[in-house]
>>> print(open('upload.cif').read())   # mmCIF, C-alpha atoms and all ligand atoms
data_work
#
loop_
_atom_site.label_atom_id
_atom_site.label_comp_id
_atom_site.auth_asym_id
_atom_site.auth_seq_id
_atom_site.Cartn_x
_atom_site.Cartn_y
_atom_site.Cartn_z
CA MET A 1 0.64 168.41 -39.95
CA THR A 2 0.45 164.63 -39.69
CA THR A 3 2.85 163.28 -37.11
CA ALA A 4 3.03 159.88 -38.75
CA ARG A 5 5.96 159.91 -41.05
CA PRO A 6 7.15 157.22 -43.43
CA GLU A 7 10.49 155.95 -42.18
CA LEU A 8 12.64 158.66 -43.72
CA LYS A 9 14.13 156.95 -46.76
CA ILE A 10 17.04 159.12 -47.74
CA ASP A 11 18.86 156.73 -50.08
CA GLY A 12 18.03 159.14 -52.89
CA LEU A 13 19.54 162.03 -50.97
CA ILE A 14 22.71 160.10 -50.19
CA ALA A 15 23.07 159.19 -53.85
CA GLU A 16 22.61 162.85 -54.80
CA LEU A 17 25.23 163.94 -52.25
CA LEU A 18 27.68 161.37 -53.61
CA ALA A 19 26.95 162.43 -57.19
CA LEU A 20 27.47 166.09 -56.28
CA GLY A 21 30.73 165.09 -54.60
CA GLN A 22 31.96 163.69 -57.91
CA ILE A 23 31.70 167.16 -59.47
CA SER A 24 35.11 168.46 -58.52
CA GLU A 25 38.19 170.21 -59.94
CA ALA A 26 40.20 167.49 -58.19
CA GLU A 27 40.23 163.70 -58.36
CA PRO A 28 37.30 162.39 -56.19
CA PRO A 29 36.99 161.79 -53.26
CA VAL A 30 38.76 165.14 -53.03
CA VAL A 31 36.23 167.94 -53.55
CA THR A 32 37.45 171.29 -54.84
CA ARG A 33 34.77 173.56 -56.26
CA VAL A 34 35.74 177.20 -56.42
CA VAL A 35 33.02 179.69 -57.24
CA PHE A 36 32.29 180.31 -60.95
CA GLY A 37 34.81 177.64 -61.97
CA GLU A 38 33.75 174.88 -64.35
CA ALA A 39 32.99 172.42 -61.54
CA ASP A 40 30.94 175.00 -59.66
CA LEU A 41 28.84 175.64 -62.75
CA ARG A 42 28.28 171.91 -63.30
CA ALA A 43 27.34 171.49 -59.65
CA ARG A 44 24.88 174.38 -59.85
CA ALA A 45 23.29 172.86 -62.96
CA PHE A 46 23.00 169.49 -61.21
CA VAL A 47 21.31 170.90 -58.11
CA LYS A 48 19.03 173.18 -60.14
CA SER A 49 17.88 170.16 -62.16
CA LEU A 50 17.02 168.32 -58.92
CA CYS A 51 15.05 171.35 -57.71
CA GLU A 52 13.15 171.66 -60.99
CA ALA A 53 12.47 167.91 -61.01
CA SER A 54 10.93 168.42 -57.55
CA GLY A 55 8.58 171.06 -58.91
CA LEU A 56 10.33 174.09 -57.45
CA LYS A 57 10.55 177.36 -59.37
CA VAL A 58 14.23 178.30 -59.75
CA ARG A 59 15.69 181.77 -60.24
CA GLU A 60 19.16 183.24 -59.86
CA ASP A 61 20.21 186.72 -58.87
CA ALA A 62 22.94 188.85 -60.44
CA VAL A 63 25.72 187.24 -58.39
CA GLY A 64 24.43 183.68 -58.71
CA ASN A 65 22.54 183.25 -55.45
CA THR A 66 19.99 180.63 -56.48
CA PHE A 67 16.43 180.42 -55.11
CA ALA A 68 14.23 177.35 -55.56
CA ARG A 69 10.72 178.22 -54.43
CA TRP A 70 7.80 176.08 -53.27
CA GLU A 71 4.91 178.48 -53.64
CA GLY A 72 2.67 178.70 -50.59
CA SER A 73 -1.06 179.34 -50.46
CA GLU A 74 -0.32 182.94 -49.45
CA PRO A 75 2.51 183.82 -51.86
CA ALA A 76 2.55 187.48 -50.83
CA LEU A 77 3.86 186.53 -47.39
CA ALA A 78 7.64 186.56 -46.80
CA PRO A 79 8.89 183.02 -47.35
CA ILE A 80 10.59 180.60 -45.02
CA GLY A 81 14.16 180.13 -46.21
CA THR A 82 16.52 177.21 -45.88
CA GLY A 83 19.76 176.32 -47.67
CA SER A 84 23.51 176.79 -47.62
CA HIS A 85 26.35 176.59 -50.19
CA ILE A 86 27.84 174.08 -52.63
CA ASP A 87 31.20 175.70 -53.30
CA ALA A 88 34.14 173.98 -51.63
CA ILE A 89 37.67 175.04 -50.75
CA PRO A 90 40.59 173.11 -52.27
CA ASN A 91 41.06 169.59 -50.88
CA ALA A 92 37.68 169.55 -49.15
CA GLY A 93 34.94 167.02 -48.52
CA LEU A 94 31.44 166.53 -49.91
CA TYR A 95 29.26 167.42 -46.92
CA ASP A 96 30.18 171.01 -45.96
CA GLY A 97 27.33 173.17 -47.27
CA CYS A 98 25.91 170.44 -49.51
CA VAL A 99 24.08 168.76 -46.63
CA GLY A 100 22.21 172.02 -46.11
CA VAL A 101 21.32 172.41 -49.78
CA LEU A 102 20.42 168.82 -50.70
CA GLY A 103 19.14 168.09 -47.19
CA GLY A 104 16.94 171.17 -47.46
CA LEU A 105 15.62 169.93 -50.80
CA GLU A 106 14.95 166.51 -49.28
CA ALA A 107 13.10 168.09 -46.34
CA ILE A 108 10.87 169.88 -48.87
CA ARG A 109 10.31 166.65 -50.84
CA VAL A 110 9.39 164.77 -47.64
CA LEU A 111 6.79 167.42 -46.82
CA GLY A 112 5.40 167.20 -50.36
CA LYS A 113 5.07 163.43 -50.08
CA LEU A 114 3.23 163.85 -46.77
CA GLY A 115 0.71 166.10 -48.49
CA PHE A 116 1.80 169.19 -46.57
CA LYS A 117 0.75 172.47 -48.17
CA PRO A 118 2.76 175.49 -47.06
CA ARG A 119 0.94 178.72 -46.28
CA ARG A 120 4.19 180.68 -46.47
CA SER A 121 6.29 179.77 -49.50
CA ILE A 122 9.48 177.84 -48.73
CA GLU A 123 12.65 178.92 -50.55
CA LEU A 124 15.71 176.73 -50.82
CA VAL A 125 18.78 178.93 -51.31
CA ILE A 126 22.20 178.13 -52.73
CA PHE A 127 24.40 181.05 -51.76
CA THR A 128 27.22 182.06 -54.05
CA ALA A 129 30.81 181.77 -52.76
CA GLU A 130 30.39 180.97 -49.09
CA GLU A 131 34.07 180.05 -49.23
CA PRO A 132 36.71 182.81 -49.54
CA THR A 133 38.93 180.87 -51.97
CA ARG A 134 38.46 182.90 -55.15
CA PHE A 135 38.05 186.46 -53.91
CA GLY A 136 39.50 186.25 -50.40
CA ILE A 137 36.24 187.05 -48.62
CA GLY A 138 33.73 184.52 -47.35
CA CYS A 139 29.97 184.57 -47.84
CA LEU A 140 30.13 186.82 -50.91
CA GLY A 141 26.54 186.09 -51.99
CA SER A 142 24.87 186.25 -48.58
CA ARG A 143 27.01 189.27 -47.61
CA MET A 144 25.78 191.11 -50.72
CA MET A 145 22.19 190.04 -50.02
CA ALA A 146 22.54 191.52 -46.55
CA GLY A 147 23.89 194.75 -48.08
CA LEU A 148 27.18 194.37 -46.18
CA LEU A 149 29.21 194.27 -49.38
CA THR A 150 28.25 196.99 -51.86
CA PRO A 151 28.39 196.44 -55.63
CA GLU A 152 31.39 198.80 -55.75
CA GLN A 153 33.22 196.80 -53.08
CA ALA A 154 32.33 193.55 -54.83
CA LEU A 155 33.55 194.84 -58.19
CA ALA A 156 36.87 195.80 -56.59
CA LEU A 157 37.52 192.19 -55.51
CA ARG A 158 40.24 190.36 -57.43
CA ASP A 159 41.39 186.74 -57.53
CA LYS A 160 45.04 185.69 -57.39
CA GLU A 161 45.44 186.32 -61.12
CA GLY A 162 43.95 189.79 -60.71
CA ARG A 163 40.68 188.82 -62.36
CA GLY A 164 37.56 190.53 -60.97
CA LEU A 165 34.03 189.48 -60.09
CA GLU A 166 32.57 191.12 -63.20
CA GLY A 167 34.47 188.87 -65.59
CA TRP A 168 33.83 185.73 -63.59
CA ARG A 169 30.11 186.26 -63.12
CA ALA A 170 29.58 187.25 -66.75
CA GLN A 171 31.42 184.12 -67.90
CA ALA A 172 29.19 182.10 -65.55
CA GLY A 173 26.15 183.68 -67.17
CA PHE A 174 24.99 185.84 -64.26
CA LYS A 175 23.87 189.21 -65.52
CA GLY A 176 21.89 192.09 -64.14
CA PRO A 177 22.85 194.97 -61.92
CA LEU A 178 24.66 193.95 -58.75
CA ASN A 179 22.59 196.45 -56.78
CA SER A 180 19.63 194.12 -57.32
CA VAL A 181 21.23 191.52 -55.03
CA ALA A 182 20.77 193.41 -51.75
CA ALA A 183 17.54 192.41 -50.01
CA SER A 184 15.63 194.35 -47.41
CA ARG A 185 14.89 193.23 -43.89
CA GLY A 186 12.09 190.68 -44.00
CA ARG A 187 13.27 189.04 -47.21
CA PHE A 188 12.65 185.80 -45.36
CA HIS A 189 10.15 185.49 -42.55
CA GLN A 190 12.58 183.04 -40.94
CA PHE A 191 15.64 181.18 -42.18
CA VAL A 192 17.03 177.80 -41.03
CA GLU A 193 20.33 176.36 -42.23
CA LEU A 194 21.18 172.66 -41.88
CA HIS A 195 24.94 172.05 -41.71
CA ILE A 196 27.51 169.56 -40.46
CA GLU A 197 28.95 170.69 -37.13
CA GLN A 198 32.54 170.92 -38.36
CA GLY A 199 33.53 170.08 -34.79
CA PRO A 200 33.61 166.96 -32.56
CA LEU A 201 30.99 167.66 -29.88
CA LEU A 202 27.85 165.98 -31.24
CA GLU A 203 29.62 162.78 -32.21
CA GLN A 204 31.57 162.64 -28.93
CA GLU A 205 28.36 163.01 -26.94
CA GLY A 206 26.32 160.75 -29.20
CA THR A 207 23.83 163.59 -29.69
CA ASP A 208 21.73 163.53 -32.85
CA VAL A 209 21.43 167.26 -33.61
CA GLY A 210 22.79 170.61 -32.45
CA LEU A 211 20.60 173.71 -32.08
CA VAL A 212 22.89 176.65 -32.74
CA THR A 213 22.43 179.70 -30.51
CA HIS A 214 25.39 181.82 -31.71
CA ILE A 215 27.68 181.84 -34.74
CA ALA A 216 31.32 182.86 -34.23
CA ALA A 217 32.64 186.21 -35.44
CA PRO A 218 35.28 185.85 -38.18
CA ALA A 219 37.93 188.43 -39.07
CA SER A 220 40.52 188.00 -41.80
CA GLN A 221 43.50 190.07 -42.89
CA ARG A 222 45.96 190.04 -45.77
CA ILE A 223 49.44 190.91 -44.52
CA THR A 224 52.43 191.73 -46.70
CA ILE A 225 55.94 191.60 -45.23
CA GLU A 226 58.66 193.27 -47.33
CA GLY A 227 62.36 192.82 -46.65
CA GLU A 228 65.49 193.22 -48.79
CA GLY A 229 66.03 189.76 -50.21
CA GLY A 230 69.41 188.94 -51.72
CA HIS A 231 71.75 186.06 -52.46
CA ALA A 232 71.48 183.16 -49.98
CA GLY A 233 75.25 182.83 -50.00
CA GLY A 234 76.45 186.38 -50.35
CA LYS A 235 74.01 188.08 -48.02
CA LEU A 236 75.52 187.59 -44.56
CA MET A 237 73.30 187.09 -41.52
CA PRO A 238 73.99 190.41 -39.78
CA GLY A 239 71.71 193.06 -41.28
CA ARG A 240 69.61 190.61 -43.28
CA LYS A 241 66.00 191.72 -43.73
CA ASP A 242 64.49 188.32 -44.36
CA ALA A 243 60.73 188.63 -45.05
CA LEU A 244 60.05 184.96 -44.33
CA THR A 245 61.69 184.75 -40.90
CA ALA A 246 59.78 187.93 -40.02
CA ALA A 247 56.58 186.26 -41.29
CA ALA A 248 57.40 183.25 -39.14
CA GLU A 249 57.35 185.50 -36.07
CA LEU A 250 54.00 186.98 -37.16
CA ILE A 251 52.54 183.50 -37.63
CA LEU A 252 53.62 182.44 -34.16
CA ALA A 253 52.26 185.73 -32.80
CA VAL A 254 48.82 184.87 -34.22
CA GLU A 255 48.92 181.48 -32.52
CA SER A 256 50.02 182.83 -29.14
CA ALA A 257 47.58 185.79 -29.24
CA ALA A 258 44.67 183.40 -29.79
CA LYS A 259 45.85 181.14 -26.96
CA SER A 260 46.49 184.08 -24.64
CA THR A 261 42.83 185.05 -24.18
CA GLY A 262 42.39 181.94 -22.03
CA ALA A 263 39.06 181.35 -23.77
CA VAL A 264 38.70 178.16 -25.81
CA ASP A 265 36.41 180.11 -28.18
CA THR A 266 39.27 182.25 -29.50
CA VAL A 267 40.98 180.75 -32.54
CA GLY A 268 43.70 182.10 -34.83
CA THR A 269 44.95 180.61 -38.08
CA VAL A 270 47.38 181.52 -40.83
CA GLY A 271 46.27 179.48 -43.82
CA ILE A 272 48.15 181.10 -46.69
CA CYS A 273 51.86 181.95 -46.89
CA ASP A 274 53.16 182.97 -50.32
CA VAL A 275 56.92 183.47 -50.48
CA PHE A 276 58.64 185.63 -53.13
CA PRO A 277 60.78 184.91 -55.06
CA GLY A 278 60.47 181.34 -53.72
CA ALA A 279 63.94 180.23 -54.79
CA VAL A 280 66.08 177.90 -52.68
CA ASN A 281 69.08 180.21 -52.89
CA SER A 282 67.39 183.59 -52.52
CA VAL A 283 66.58 185.39 -49.26
CA PRO A 284 62.79 185.96 -49.35
CA SER A 285 62.11 189.61 -50.08
CA ARG A 286 58.31 189.52 -49.86
CA VAL A 287 55.79 187.31 -48.12
CA LEU A 288 52.00 187.42 -48.19
CA ILE A 289 50.16 185.74 -45.32
CA THR A 290 46.46 185.67 -44.44
CA THR A 291 45.21 185.62 -40.87
CA ASP A 292 41.83 184.29 -39.69
CA VAL A 293 40.92 185.21 -36.11
CA ARG A 294 37.55 184.23 -34.62
CA ASP A 295 35.66 184.19 -31.38
CA ILE A 296 32.03 184.05 -30.35
CA ASP A 297 32.82 187.21 -28.38
CA GLY A 298 33.38 190.02 -30.89
CA ALA A 299 35.11 192.36 -28.43
CA ARG A 300 37.54 189.62 -27.35
CA ARG A 301 38.33 188.90 -30.99
CA ASP A 302 38.95 192.59 -31.64
CA GLY A 303 41.26 192.62 -28.60
CA VAL A 304 43.32 189.90 -30.26
CA LEU A 305 43.51 191.92 -33.49
CA ALA A 306 44.65 194.99 -31.54
CA SER A 307 47.36 193.06 -29.68
CA LEU A 308 48.56 191.60 -32.96
CA ALA A 309 48.82 195.07 -34.51
CA SER A 310 51.35 196.08 -31.84
CA ALA A 311 53.21 192.77 -32.23
CA TYR A 312 53.55 193.47 -35.95
CA ASP A 313 54.91 196.97 -35.23
CA GLU A 314 57.52 195.53 -32.88
CA ILE A 315 58.62 192.85 -35.39
CA SER A 316 58.79 195.43 -38.17
CA ALA A 317 60.97 197.80 -36.13
CA ARG A 318 63.29 195.07 -34.80
CA ARG A 319 63.76 193.32 -38.15
CA GLY A 320 63.70 196.37 -40.41
CA VAL A 321 60.95 194.95 -42.60
CA LYS A 322 57.85 196.75 -43.86
CA ILE A 323 54.56 195.19 -42.72
CA THR A 324 51.33 196.22 -44.44
CA THR A 325 48.02 194.88 -43.13
CA GLU A 326 44.75 194.93 -45.08
CA LEU A 327 41.58 194.06 -43.16
CA VAL A 328 39.44 191.87 -45.46
CA ASN A 329 36.52 191.45 -43.04
CA ALA A 330 35.71 191.73 -39.35
CA ASP A 331 32.15 190.49 -38.91
CA PRO A 332 30.09 190.50 -35.72
CA PRO A 333 28.97 187.23 -34.12
CA ALA A 334 25.42 186.26 -35.10
CA THR A 335 22.69 185.46 -32.58
CA CYS A 336 20.15 182.85 -33.60
CA ASP A 337 16.50 183.69 -33.14
CA PRO A 338 15.12 182.04 -29.95
CA ALA A 339 11.72 181.43 -31.56
CA ILE A 340 13.27 179.37 -34.35
CA VAL A 341 15.56 177.58 -31.91
CA SER A 342 12.44 176.62 -29.92
CA ALA A 343 10.76 175.37 -33.09
CA LEU A 344 13.85 173.25 -33.80
CA GLU A 345 13.70 171.95 -30.22
CA ARG A 346 10.03 170.96 -30.60
CA SER A 347 10.86 169.24 -33.88
CA ALA A 348 13.78 167.33 -32.37
CA ILE A 349 11.56 166.10 -29.54
CA ALA A 350 8.76 165.15 -31.93
CA ALA A 351 11.28 163.34 -34.12
CA GLY A 352 12.67 161.50 -31.12
CA LYS A 353 16.13 163.00 -31.65
CA THR A 354 18.52 163.93 -28.88
CA TYR A 355 19.76 167.50 -29.08
CA ARG A 356 21.93 170.09 -27.37
CA LYS A 357 22.29 173.84 -27.76
CA MET A 358 25.69 174.98 -28.98
CA VAL A 359 27.71 177.62 -30.77
CA ALA A 360 28.90 177.47 -34.37
CA ARG A 361 32.66 177.90 -34.61
CA ALA A 362 32.72 178.08 -38.39
CA TYR A 363 30.98 180.99 -40.00
CA HIS A 364 28.02 180.38 -42.30
CA ASP A 365 25.71 182.18 -44.70
CA SER A 366 23.26 182.41 -41.81
CA SER A 367 25.75 184.84 -40.20
CA PHE A 368 24.76 187.33 -42.92
CA VAL A 369 21.16 186.34 -43.52
CA ALA A 370 20.80 187.33 -39.86
CA PHE A 371 21.01 190.95 -40.99
CA ILE A 372 17.80 190.61 -43.07
CA ALA A 373 15.84 187.89 -41.25
CA PRO A 374 15.67 185.88 -38.03
CA VAL A 375 17.91 182.83 -38.45
CA ALA A 376 18.84 179.59 -36.73
CA MET A 377 21.08 176.66 -37.61
CA LEU A 378 20.65 172.93 -37.19
CA PHE A 379 23.84 170.88 -36.88
CA ILE A 380 24.39 167.19 -37.48
CA PRO A 381 27.49 165.32 -36.33
CA CYS A 382 30.46 164.80 -38.63
CA ARG A 383 32.98 162.01 -38.06
CA GLY A 384 35.83 163.07 -35.79
CA GLY A 385 34.66 166.67 -36.19
CA VAL A 386 36.65 166.66 -39.42
CA SER A 387 35.83 169.19 -42.15
CA HIS A 388 37.61 171.00 -44.98
CA ARG A 389 39.32 167.68 -45.70
CA PRO A 390 38.47 164.87 -48.16
CA ASP A 391 37.76 162.47 -45.27
CA GLU A 392 34.91 164.70 -44.03
CA TYR A 393 31.96 162.36 -43.43
CA ALA A 394 28.38 162.38 -42.12
CA SER A 395 26.51 159.07 -41.88
CA PRO A 396 23.12 158.52 -43.54
CA GLU A 397 21.67 158.18 -40.04
CA TRP A 398 23.03 161.58 -38.99
CA ILE A 399 21.89 163.18 -42.25
CA GLY A 400 18.46 161.54 -41.99
CA GLY A 401 18.08 162.86 -38.44
CA GLY A 402 18.88 166.38 -39.60
CA VAL A 403 16.48 166.19 -42.53
CA HIS A 404 13.74 164.81 -40.29
CA VAL A 405 14.08 167.66 -37.77
CA LEU A 406 14.42 170.25 -40.53
CA SER A 407 11.32 169.03 -42.35
CA ARG A 408 9.23 169.25 -39.20
CA THR A 409 10.57 172.72 -38.48
CA LEU A 410 9.91 174.00 -42.00
CA ALA A 411 6.37 172.65 -41.74
CA GLU A 412 5.79 174.47 -38.48
CA LEU A 413 7.29 177.76 -39.68
CA ALA A 414 5.51 177.67 -43.07
CA SER A 415 2.10 176.79 -41.64
O1 LIG H 1 35.62 179.17 -42.82
C1 LIG H 1 34.49 178.87 -42.45
O2 LIG H 1 34.15 178.95 -41.28
C2 LIG H 1 33.50 178.36 -43.45
O3 LIG H 1 33.66 176.97 -43.57
N1 LIG H 1 33.69 178.98 -44.73
MN MN H 2 33.52 175.54 -45.35
MN MN H 3 29.97 175.55 -44.84
#
>>> encode(input="upload.cif", output="structure tokens")
Amino acid sequence: MTTARPELKIDGLIAELLALGQISEAEPPVVTRVVFGEADLRARAFVKSLCEASGLKVREDAVGNTFARWEGSEPALAPIGTGSHIDAIPNAGLYDGCVGVLGGLEAIRVLGKLGFKPRRSIELVIFTAEEPTRFGIGCLGSRMMAGLLTPEQALALRDKEGRGLEGWRAQAGFKGPLNSVAASRGRFHQFVELHIEQGPLLEQEGTDVGLVTHIAAPASQRITIEGEGGHAGGKLMPGRKDALTAAAELILAVESAAKSTGAVDTVGTVGICDVFPGAVNSVPSRVLITTDVRDIDGARRDGVLASLASAYDEISARRGVKITTELVNADPPATCDPAIVSALERSAIAAGKTYRKMVARAYHDSSFVAFIAPVAMLFIPCRGGVSHRPDEYASPEWIGGGVHVLSRTLAELAS
């Protein structure tokens, strides 16, 4: 593999990222792209056209996971995988996931220009629904590939309007039996995901890239609180069973339980709070909240969930409200493969990039690919550590550094 490398010109990549960012359900620069929605389908078509224009063979599976393959000289060997997602939560930015997909494509194009010929095929993957927005569970496509979500479980998923996966995927044009999505161990020989850090460390330290060693363990719940409701004027305070003030105690319990472990790696968030009937002069009778509790230590995270369960029981008894919890997912932390992390380290050194080992606090598709292949992640800085906001930003220099290290790593792994 020649070490000389044309100064990585990634103007094309930046233009592609900006163009992809314009494909949104919201007014740019706000990016909202919920799986199987019109913007998601346009974004998929755009990225697929870039892959085909780069000579990659594109295919999609029954749930829309998309594979763009650069055939190697030994096509029977398990491929090297890279990629991420292009769906985006409401009010998001244009770099989360997309840097890993378009940056992965650019890394492949750079290798092609250098005359590299892969022995193992290289597959760029766009995973379906990394974000939980539509169906409430994250990493739908990679989770199904890993066999951690069965077709039956997937078909039982519903969106807020009660519409299921079957209708959405059919409308998006994805056919075929869902049991064809699950892949066996060894589907990829190795898998590397490029992603923005979604945290402040790399920028604060002025470090070019992060080599991820562990990916945090996410758990999410849907919790319904049912009280009595009633007239805001006529229903006196004594004996009220207000679902929203009870929910407020649950929300604060999530915050204090996450803080109480004393470990900075434990985080707890309530991101959704739907109030019924939602009238100014009606005592809330029902509230739905979602909790998201994470830690890089799975047992510590589970300890938080257990302590919250008893807090909910206490609130329910004291306030006379019914609290129903539904566990959506409780995934283990993922460990990155040391051999791939070492390859990333060699590439960073060869590319003259500073690096540090670190944990991933967001979850990623690699968390689930880890069940069917050795994985590792390569982080680049993002401004202020900001993500899941329209002002999310990664500079061309940061992106170029990530693509440079990724391209060297793919070349090493695919040789
Ligand atoms: O929530 C996450 O960690 C990811 O961005 N979906
Ligand atoms: Mn995200
Ligand atoms: Mn992401």
>>> closest_atom_pairs(input="upload.cif", of="chain A", to="ligand MN 3 (chain H)", cutoff="7 Å", atoms="all atoms listed in the file", output="Markdown table")
| residue | atom | partner | partner_atom | distance |
| --- | --- | --- | --- | --- |
| A:His85 | CA | H:MN3 | MN | 6.5 |
| A:Asp96 | CA | H:MN3 | MN | 4.7 |
| A:Gly97 | CA | H:MN3 | MN | 4.3 |
| A:Glu130 | CA | H:MN3 | MN | 6.9 |
| A:His195 | CA | H:MN3 | MN | 6.9 |
| A:His364 | CA | H:MN3 | MN | 5.8 |
>>> closest_residue(input="upload.cif", among="A:Phe191, A:Tyr95, A:Tyr363, A:Phe127", to="A:Val35", atoms="only C-alpha atoms")
A:Phe127
>>> atom_distance(input="upload.cif", atom1="atom CA of A:Ala39", atom2="atom CA of A:Asp11")
24.0 Å
>>> closest_residue(input="upload.cif", among="A:Cys98, A:Leu41, A:Val209, A:Met358", to="ligand LIG 1 (chain H)", atoms="all atoms listed in the file")
A:Cys98
>>> residues_near_ligand(input="upload.cif", ligand="ligand MN 2 (chain H)", cutoff="12 Å", atoms="only C-alpha atoms and all ligand atoms", output="JSON, numbers by chain")
{"A": [31, 32, 33, 34, 84, 85, 86, 87, 88, 89, 90, 91, 92, 93, 94, 95, 96, 97, 98, 99, 100, 129, 130, 131, 132, 133, 138, 139, 195, 196, 197, 198, 199, 361, 362, 363, 364, 365, 386, 387, 388, 389, 392]}
>>> residues_around(input="upload.cif", residues="A:Gly186", least_positions_apart="2", cutoff="12 Å", atoms="all atoms listed in the file", output="ChimeraX atom specification")
/A:77-81,145-146,182-184,188-191,369-375
>>> build_atoms(input="upload.cif", residues="stretch 292-308 of chain A", atoms="N, CA and C atoms", output="tab-separated table (two decimals), in the coordinates of the input")
chain	number	residue	atom	x	y	z
A	292	ASP	N	43.27	184.54	-39.92
A	292	ASP	CA	41.83	184.29	-39.69
A	292	ASP	C	41.68	184.18	-38.18
A	293	VAL	N	41.07	185.19	-37.57
A	293	VAL	CA	40.92	185.21	-36.11
A	293	VAL	C	39.43	185.23	-35.79
A	294	ARG	N	38.98	184.31	-34.91
A	294	ARG	CA	37.55	184.23	-34.62
A	294	ARG	C	37.31	184.06	-33.13
A	295	ASP	N	36.08	184.39	-32.76
A	295	ASP	CA	35.66	184.19	-31.38
A	295	ASP	C	34.14	184.36	-31.37
A	296	ILE	N	33.47	183.77	-30.41
A	296	ILE	CA	32.03	184.05	-30.35
A	296	ILE	C	31.81	185.38	-29.64
A	297	ASP	N	32.90	185.90	-29.03
A	297	ASP	CA	32.82	187.21	-28.38
A	297	ASP	C	33.55	188.22	-29.28
A	298	GLY	N	32.80	189.08	-29.91
A	298	GLY	CA	33.38	190.02	-30.89
A	298	GLY	C	34.43	190.93	-30.28
A	299	ALA	N	34.16	191.43	-29.06
A	299	ALA	CA	35.11	192.36	-28.43
A	299	ALA	C	36.42	191.63	-28.12
A	300	ARG	N	36.32	190.38	-27.67
A	300	ARG	CA	37.54	189.62	-27.35
A	300	ARG	C	38.34	189.37	-28.64
A	301	ARG	N	37.65	189.09	-29.71
A	301	ARG	CA	38.33	188.90	-30.99
A	301	ARG	C	39.03	190.17	-31.41
A	302	ASP	N	38.33	191.30	-31.26
A	302	ASP	CA	38.95	192.59	-31.64
A	302	ASP	C	40.15	192.89	-30.76
A	303	GLY	N	40.11	192.44	-29.49
A	303	GLY	CA	41.26	192.62	-28.60
A	303	GLY	C	42.46	191.87	-29.13
A	304	VAL	N	42.22	190.69	-29.68
A	304	VAL	CA	43.32	189.90	-30.26
A	304	VAL	C	43.90	190.64	-31.47
A	305	LEU	N	43.02	191.19	-32.31
A	305	LEU	CA	43.51	191.92	-33.49
A	305	LEU	C	44.36	193.12	-33.06
A	306	ALA	N	43.91	193.80	-32.01
A	306	ALA	CA	44.65	194.99	-31.54
A	306	ALA	C	46.02	194.58	-30.99
A	307	SER	N	46.06	193.48	-30.25
A	307	SER	CA	47.36	193.06	-29.68
A	307	SER	C	48.30	192.60	-30.79
A	308	LEU	N	47.71	192.03	-31.84
A	308	LEU	CA	48.56	191.60	-32.96
A	308	LEU	C	49.13	192.80	-33.70
